[in-house]
Every structure is written in C-alpha cells, then in structure tokens.
$ cat entry.cif   # mmCIF, C-alpha atoms
data_upload
loop_
_atom_site.label_atom_id
_atom_site.label_comp_id
_atom_site.auth_asym_id
_atom_site.auth_seq_id
_atom_site.Cartn_x
_atom_site.Cartn_y
_atom_site.Cartn_z
CA MET A 1 44.83 -16.11 -58.93
CA THR A 2 45.97 -12.77 -57.65
CA VAL A 3 44.76 -11.50 -54.37
CA ILE A 4 44.91 -7.78 -53.97
CA VAL A 5 45.29 -6.68 -50.43
CA GLU A 6 44.48 -3.08 -49.86
CA THR A 7 46.74 -1.43 -47.39
CA SER A 8 44.88 1.80 -46.83
CA PRO A 9 43.80 2.41 -43.25
CA VAL A 10 40.51 0.87 -42.29
CA THR A 11 37.96 3.51 -41.49
CA HIS A 12 34.88 2.99 -39.41
CA PRO A 13 31.61 4.75 -39.84
CA GLU A 14 31.45 7.64 -37.42
CA SER A 15 28.60 6.20 -35.39
CA ASP A 16 30.58 3.06 -34.64
CA THR A 17 33.14 5.08 -32.79
CA LEU A 18 30.50 5.91 -30.15
CA THR A 19 30.64 2.59 -28.40
CA GLU A 20 29.61 3.79 -24.91
CA ARG A 21 25.94 3.29 -24.19
CA ALA A 22 23.91 6.06 -22.64
CA PRO A 23 23.42 5.48 -18.90
CA ALA A 24 20.23 3.61 -18.09
CA ARG A 25 17.29 5.80 -17.22
CA ARG A 26 16.64 5.95 -13.50
CA TRP A 27 13.21 5.63 -11.97
CA LEU A 28 11.83 7.15 -8.81
CA VAL A 29 9.49 5.36 -6.43
CA VAL A 30 7.32 8.09 -4.97
CA VAL A 31 4.78 7.69 -2.18
CA LEU A 32 1.90 10.17 -2.13
CA ASN A 33 0.00 11.32 0.92
CA ASP A 34 -3.37 9.85 1.77
CA PRO A 35 -5.58 10.96 4.63
CA VAL A 36 -6.35 7.40 5.71
CA ASN A 37 -3.30 5.34 6.62
CA LEU A 38 -1.96 5.62 10.16
CA MET A 39 1.45 7.23 10.57
CA SER A 40 2.70 4.26 12.60
CA TYR A 41 1.53 1.92 9.83
CA VAL A 42 3.31 3.92 7.12
CA VAL A 43 6.55 3.90 9.14
CA MET A 44 6.29 0.15 9.58
CA VAL A 45 5.73 -0.39 5.83
CA PHE A 46 8.74 1.76 4.92
CA ARG A 47 10.89 -0.17 7.36
CA LYS A 48 9.66 -3.50 6.11
CA VAL A 49 9.86 -2.81 2.38
CA PHE A 50 13.08 -0.77 2.24
CA GLY A 51 14.85 -1.96 5.39
CA PHE A 52 15.06 1.60 6.75
CA ASP A 53 15.76 2.22 10.40
CA GLU A 54 13.10 3.95 12.48
CA THR A 55 14.62 7.43 11.97
CA ALA A 56 14.81 7.19 8.17
CA ALA A 57 11.33 5.68 7.93
CA ARG A 58 9.86 8.45 10.10
CA LYS A 59 11.64 11.11 8.02
CA HIS A 60 10.03 9.79 4.83
CA MET A 61 6.64 9.41 6.51
CA LEU A 62 6.75 13.04 7.69
CA GLU A 63 7.82 14.19 4.24
CA VAL A 64 4.78 12.41 2.75
CA HIS A 65 2.53 13.88 5.42
CA GLU A 66 3.81 17.45 5.23
CA GLN A 67 4.85 17.82 1.59
CA GLY A 68 2.40 15.39 0.01
CA ARG A 69 5.09 13.11 -1.41
CA SER A 70 8.43 11.52 -0.74
CA VAL A 71 10.92 9.80 -3.03
CA LEU A 72 11.64 6.48 -1.36
CA TRP A 73 14.03 4.96 -3.85
CA SER A 74 15.58 5.51 -7.25
CA GLY A 75 17.21 3.10 -9.65
CA PRO A 76 16.54 0.72 -12.53
CA ARG A 77 13.03 0.35 -13.82
CA GLU A 78 12.41 -3.28 -12.90
CA GLN A 79 13.39 -2.81 -9.29
CA ALA A 80 11.37 0.41 -9.10
CA GLU A 81 8.32 -1.45 -10.42
CA ALA A 82 8.82 -4.17 -7.82
CA TYR A 83 8.95 -1.61 -5.00
CA ALA A 84 5.90 0.27 -6.29
CA TYR A 85 3.97 -2.99 -6.55
CA THR A 86 4.86 -3.99 -2.99
CA LEU A 87 3.92 -0.59 -1.62
CA GLN A 88 0.55 -0.73 -3.38
CA GLN A 89 0.09 -4.21 -1.99
CA TRP A 90 0.55 -2.59 1.43
CA GLN A 91 -2.12 -0.06 0.38
CA LEU A 92 0.17 2.93 0.08
CA THR A 93 -0.24 5.21 -2.91
CA ALA A 94 3.00 4.65 -4.79
CA VAL A 95 3.77 5.93 -8.28
CA LEU A 96 6.72 5.60 -10.62
CA GLU A 97 8.34 8.64 -12.14
CA SER A 98 11.20 8.91 -14.56
CA GLU A 99 14.06 10.94 -13.13
CA GLU A 100 13.91 12.96 -16.34
CA GLY A 101 10.40 14.05 -15.56
CA ASP A 102 8.40 12.23 -18.23
CA ASP A 103 6.79 8.83 -18.16
CA GLY A 104 9.65 7.64 -20.35
CA TYR A 105 8.39 4.15 -21.08
CA ALA A 106 8.42 4.58 -24.83
CA SER A 107 12.18 5.00 -25.04
CA ASP A 108 13.33 2.87 -22.12
CA MET B 1 4.32 -18.14 18.03
CA ARG B 2 2.96 -15.05 19.68
CA VAL B 3 -0.83 -14.84 19.74
CA ILE B 4 -2.96 -12.06 21.10
CA GLU B 5 -6.51 -12.65 22.15
CA VAL B 6 -8.82 -9.68 21.75
CA ARG B 7 -12.20 -9.60 23.44
CA LEU B 8 -14.69 -7.44 21.58
CA SER B 9 -18.17 -6.30 22.44
CA LEU B 10 -20.56 -8.22 20.21
CA GLU B 11 -23.13 -5.50 20.63
CA VAL B 12 -20.76 -2.87 19.25
CA VAL B 13 -18.82 -4.86 16.67
CA VAL B 14 -21.49 -7.02 14.98
CA PRO B 15 -23.24 -4.01 13.37
CA LEU B 16 -19.86 -2.73 12.19
CA LEU B 17 -19.09 -6.03 10.51
CA GLU B 18 -21.90 -5.45 8.03
CA VAL B 19 -20.19 -2.23 6.94
CA VAL B 20 -16.76 -3.86 6.85
CA THR B 21 -18.02 -6.88 4.91
CA GLU B 22 -19.80 -4.74 2.34
CA ALA B 23 -16.65 -2.68 1.67
CA ALA B 24 -14.48 -5.80 1.76
CA GLU B 25 -16.58 -7.62 -0.81
CA LEU B 26 -16.09 -4.79 -3.31
CA LEU B 27 -12.35 -5.08 -2.76
CA CYS B 28 -12.44 -8.68 -3.95
CA GLU B 29 -13.35 -7.28 -7.39
CA GLU B 30 -11.72 -3.86 -7.61
CA PRO B 31 -8.39 -2.44 -6.48
CA SER B 32 -8.32 -0.01 -3.58
CA SER B 33 -7.68 3.66 -4.14
CA ALA B 34 -3.98 3.09 -3.39
CA VAL B 35 -3.54 1.33 -6.70
CA HIS B 36 -2.29 3.74 -9.37
CA LEU B 37 -1.88 2.32 -12.83
CA ALA B 38 -1.31 5.55 -14.76
CA SER B 39 2.46 5.56 -14.27
CA LEU B 40 2.81 2.03 -15.63
CA PRO B 41 3.46 0.93 -19.21
CA ASP B 42 0.34 -0.22 -21.06
CA ASP B 43 1.39 -3.85 -21.26
CA LEU B 44 1.80 -4.11 -17.48
CA ARG B 45 -1.40 -2.48 -16.27
CA GLU B 46 -3.84 -5.35 -16.56
CA VAL B 47 -1.52 -7.95 -15.01
CA TRP B 48 -0.57 -5.52 -12.22
CA ARG B 49 -4.22 -4.77 -11.47
CA ALA B 50 -5.28 -8.43 -11.49
CA ASP B 51 -2.38 -9.50 -9.26
CA LEU B 52 -3.07 -6.76 -6.74
CA VAL B 53 -6.78 -7.56 -6.61
CA GLY B 54 -5.88 -11.23 -6.04
CA SER B 55 -3.52 -10.32 -3.21
CA GLN B 56 -6.10 -7.94 -1.73
CA LYS B 57 -8.74 -10.68 -1.87
CA SER B 58 -6.48 -13.03 0.06
CA ASP B 59 -5.85 -10.36 2.73
CA ILE B 60 -9.57 -9.63 3.01
CA HIS B 61 -10.25 -13.33 3.49
CA GLN B 62 -7.87 -13.32 6.48
CA LEU B 63 -9.56 -10.26 8.00
CA LEU B 64 -13.09 -11.63 7.66
CA GLY B 65 -11.84 -15.00 8.92
CA LEU B 66 -11.15 -13.42 12.32
CA PHE B 67 -14.87 -13.13 12.88
CA GLY B 68 -15.80 -16.78 13.03
CA GLU B 69 -17.50 -19.02 15.55
CA LYS B 70 -15.35 -17.95 18.51
CA PHE B 71 -16.18 -14.34 17.84
CA PHE B 72 -19.91 -14.86 17.62
CA GLU B 73 -19.93 -17.09 20.73
CA GLU B 74 -17.58 -15.17 23.01
CA GLY B 75 -16.51 -12.00 21.21
CA LEU B 76 -12.97 -13.31 20.80
CA VAL B 77 -10.62 -12.80 17.89
CA TYR B 78 -7.05 -14.05 17.66
CA LEU B 79 -4.17 -12.21 16.03
CA ASP B 80 -0.86 -13.91 15.51
CA GLU B 81 2.36 -13.63 13.53
CA GLN B 82 0.80 -15.43 10.56
CA ASN B 83 -2.30 -13.33 10.12
CA ALA B 84 -0.80 -10.02 11.32
CA GLU B 85 0.44 -8.76 7.97
CA PRO B 86 -2.56 -9.72 5.83
CA VAL B 87 -4.92 -8.31 8.47
CA LEU B 88 -2.93 -5.05 8.60
CA ARG B 89 -3.13 -4.72 4.81
CA ALA B 90 -6.81 -5.68 4.70
CA CYS B 91 -7.67 -3.11 7.39
CA ALA B 92 -5.84 -0.47 5.34
CA ALA B 93 -7.69 -1.51 2.17
CA VAL B 94 -11.11 -1.43 3.84
CA ARG B 95 -10.38 1.92 5.48
CA LEU B 96 -9.40 3.34 2.06
CA GLN B 97 -12.60 1.90 0.61
CA LEU B 98 -14.76 3.39 3.38
CA HIS B 99 -13.09 6.72 2.73
CA ARG B 100 -13.61 6.48 -1.03
CA ARG B 101 -17.24 5.39 -0.83
CA GLN B 102 -18.64 6.97 2.31
CA LEU B 103 -16.30 9.21 4.29
CA HIS B 104 -14.90 11.43 1.54
CA GLY B 105 -17.03 14.31 2.80
CA LEU B 106 -15.08 14.44 6.06
CA SER B 107 -12.00 16.63 6.14
CA GLU B 108 -8.47 15.30 6.37
CA ASP B 109 -8.09 16.91 9.80
CA GLU B 110 -11.27 15.29 11.07
CA LEU B 111 -10.19 11.87 9.82
CA GLU B 112 -6.67 12.11 11.19
CA SER B 113 -7.63 13.41 14.59
CA GLY B 114 -10.76 11.28 14.87
CA GLU B 115 -12.37 14.30 16.50
CA ILE B 116 -15.79 14.18 14.97
CA GLU B 117 -19.09 14.69 16.71
CA VAL B 118 -20.42 11.24 15.89
CA ALA B 119 -23.92 12.14 17.05
CA ASN B 120 -24.13 14.71 14.25
CA LEU B 121 -23.51 12.15 11.52
CA THR B 122 -26.27 10.31 9.69
CA GLU B 123 -26.68 6.68 10.74
CA PRO B 124 -24.91 5.14 7.68
CA LEU B 125 -22.08 7.67 7.97
CA ARG B 126 -21.78 7.09 11.69
CA ARG B 127 -21.47 3.33 11.23
CA ALA B 128 -18.92 3.77 8.45
CA PHE B 129 -16.86 6.13 10.60
CA VAL B 130 -16.95 3.87 13.67
CA ALA B 131 -15.98 0.88 11.47
CA TYR B 132 -13.10 2.99 10.13
CA LEU B 133 -11.93 3.68 13.70
CA PHE B 134 -12.40 0.04 14.72
CA LEU B 135 -10.11 -1.14 11.89
CA ALA B 136 -7.49 1.43 12.91
CA THR B 137 -7.63 0.04 16.45
CA LEU B 138 -7.02 -3.48 15.12
CA GLN B 139 -4.01 -2.16 13.19
CA GLU B 140 -2.65 -0.40 16.29
CA LEU B 141 -3.02 -3.58 18.32
CA ILE B 142 -1.01 -5.54 15.76
CA LEU B 143 1.66 -2.87 15.46
CA SER B 144 2.02 -2.67 19.25
CA HIS B 145 1.97 -6.36 20.09
CA LEU B 146 3.08 -8.35 17.06
CA ASN B 147 5.73 -6.07 15.55
CA PRO B 148 5.84 -7.08 11.88
CA ILE B 149 9.36 -5.63 11.58
CA GLY B 150 10.52 -8.63 13.55
CA GLU B 151 12.96 -6.91 15.94
#
$ encode --input "entry.cif" --output "structure tokens"
Amino acid sequence: MTVIVETSPVTHPESDTLTERAPARRWLVVVLNDPVNLMSYVVMVFRKVFGFDETAARKHMLEVHEQGRSVLWSGPREQAEAYAYTLQQWQLTAVLESEEGDDGYASD
Amino acid sequence: MRVIEVRLSLEVVVPLLEVVTEAAELLCEEPSSAVHLASLPDDLREVWRADLVGSQKSDIHQLLGLFGEKFFEEGLVYLDEQNAEPVLRACAAVRLQLHRRQLHGLSEDELESGEIEVANLTEPLRRAFVAYLFLATLQELILSHLNPIGE
C-alpha cells in the first residue's frame, strides 16, 4: 500500500486564526435615588456590602441623592447580579446595566 | 452581646402598630418598591422575586417580633446585634411600602425633612406618616448604638 503524504503547507480557515476571545461584557451596579431611605442607612449599606470606608460610602450616597444615581461597582455579570440582589435585600433600588448601554442579556 | 432596651409609650405606639402590621403583611406576599426586575434576564426574574420576598418576610417577622408581651406589658423592646440587621431592613421595607401605598402624595422635601404640619393631614395619612417617622427612629437607634459595620 502506498501512502501519499502531501507536503503543501497546511492552511487554516481564516476564522480559526482569530483565537482571542472578545473581552467579557462588563456590568454596572447602579443605585437609584429614593425619597425614603435615610442617608445614614444608605451609607451603612454601602459600607457593609462593598466594604467602602466612610468617605467613599458618603460620596456615593451624595451622588445618588444629588444626581439620582450612582455606579457602585462594575465587573462580570454574576458578581454584579449578586451585588444588585444584596442591595435590593437591603431595600435599596439597585439595577443592572450593561456597560455598553443595552440590556445585553441576549448575547452575554 | 450588646443589647439596647427601648421604652416606648404604649399610648403612642400601639395605634401605629396597626399601620405597620398592615403594611408589613403585604410585604410577606409582594416585593417592596426597591425590587426592580426589569434589568434581569427572563429566567432569573421569578426566582429573584421569590427569594427576595422570602428574605423580606423573615425580616418583617423579626420587626413584628419586637412587639411582644414585654412591649404590651411595659412598653419595652429590645434591640441587639442579632436582630439589628433584619429590623433595619424591615423598617426600610415598611417605610417604602407606606410611601408607595399612602404617602406618595407628600413631596420628597417634606418626607426628607419631616417638616409636615401633621394636624393638616387626614387621620389615616397622619397615622401612616407618624408610623413612617417611628420606623426611622428605630433605624437611627440601631445605627447609633449597634453599629452594623462592626467597627
């Protein structure tokens, strides 16, 4: 039996040459203002949930109060969901936003 | 374990408890207005909602549990490091519920400053507003004396 070994260079389909994956989509944990929760309570929750010091927690609280929203954290989806859940458990109005500005779940 | 004993006026607080209990009972079935499901994927919404209502129910149970025999006999409630966090969350939930159901007509400035001519409010609104302030006072007591940050 004769085995024919081809010696021509092996070519790869073009798409296989793009081996780097697109960076994972980042998610924002945003807290929205409400007229009900005490400022001191909101500061305590931010400190407890995110481990902020008093100054950072107050800065975010004032941003929520004055601008209506503050981005508390950004990163991978699962961790963002966990933070949003905990904040809602503490009765703060937390929402998730894709950094790209859409809800993004379909392609994530 | 740190414990704070709070002596309350039965005459003032008992009527407020009816308002608090009514709002609290609804929160054992429905999420508070803090719960936003719209930004979640479809497959997560129902589980998220159910888990949060369950957690809220447990917090509410701790809040209502403060007003037991000792309270009705002597006006005393006890706050400690174990019930501090659930009571804080339950107070927040009930305040949000009072706002959603009864106090939404009051402006943000009025609610934040607490500067409202109570005598001008209707009786149900007055009781809801005083209950709202009472729960904020409980939260302030916990934040001042039990420090949930643990420093």
$ atom_distance --input "entry.cif" --atom1 "atom CA of B:His36" --atom2 "atom CA of A:Leu92"
9.8 Å
$ atom_distance --input "entry.cif" --atom1 "atom CA of B:His145" --atom2 "atom CA of B:Pro86"
15.3 Å
$ residues_around --input "entry.cif" --residues "B:Ala92" --least-positions-apart "6" --cutoff "10 Å" --atoms "all atoms listed in the file" --output "list in words"
Val36, Asn37, Leu38, Tyr41, Trp90, Gln91 and Leu92 of chain A; Ser32, Ala34, Pro86, Leu98, Tyr132, Leu135, Ala136 and Gln139 of chain B
$ residues_around --input "entry.cif" --residues "A:Arg47" --least-positions-apart "3" --cutoff "12 Å" --atoms "only C-alpha atoms" --output "list in words"
Ser40, Tyr41, Val42, Val43, Met44, Phe50, Gly51, Phe52, Asp53, Glu54, Thr55, Ala56, Ala57, Arg58, Lys59, His60, Met61, Leu72 and Leu87 of chain A; Asn147, Pro148, Ile149, Gly150 and Glu151 of chain B
$ resolve_selection --input "entry.cif" --expression "the PyMOL selection byres ((chain A and resi 99) around 8)" --output "CSV table (one decimal) with C-alpha atoms, in the frame of the given file"
chain,number,residue,atom,x,y,z
A,25,ARG,CA,17.3,5.8,-17.2
A,26,ARG,CA,16.6,6.0,-13.5
A,27,TRP,CA,13.2,5.6,-12.0
A,28,LEU,CA,11.8,7.2,-8.8
A,97,GLU,CA,8.3,8.6,-12.1
A,98,SER,CA,11.2,8.9,-14.6
A,100,GLU,CA,13.9,13.0,-16.3
A,101,GLY,CA,10.4,14.0,-15.6
A,102,ASP,CA,8.4,12.2,-18.2
$ resolve_selection --input "entry.cif" --expression "the PyMOL selection byres ((chain B) within 10 of (chain A))" --output "ChimeraX atom specification"
/B:31-42,44,48-49,51-53,55-56,59,85-86,88-100,104,107-112,132,136,139-140,142-144,147-150
$ atom_distance --input "entry.cif" --atom1 "atom CA of B:Glu30" --atom2 "atom CA of B:Lys57"
9.4 Å
$ residues_around --input "entry.cif" --residues "B:Arg2" --least-positions-apart "2" --cutoff "8 Å" --atoms "only C-alpha atoms" --output "list in words"
Ile4, Asp80, Glu81 and Leu146 of chain B
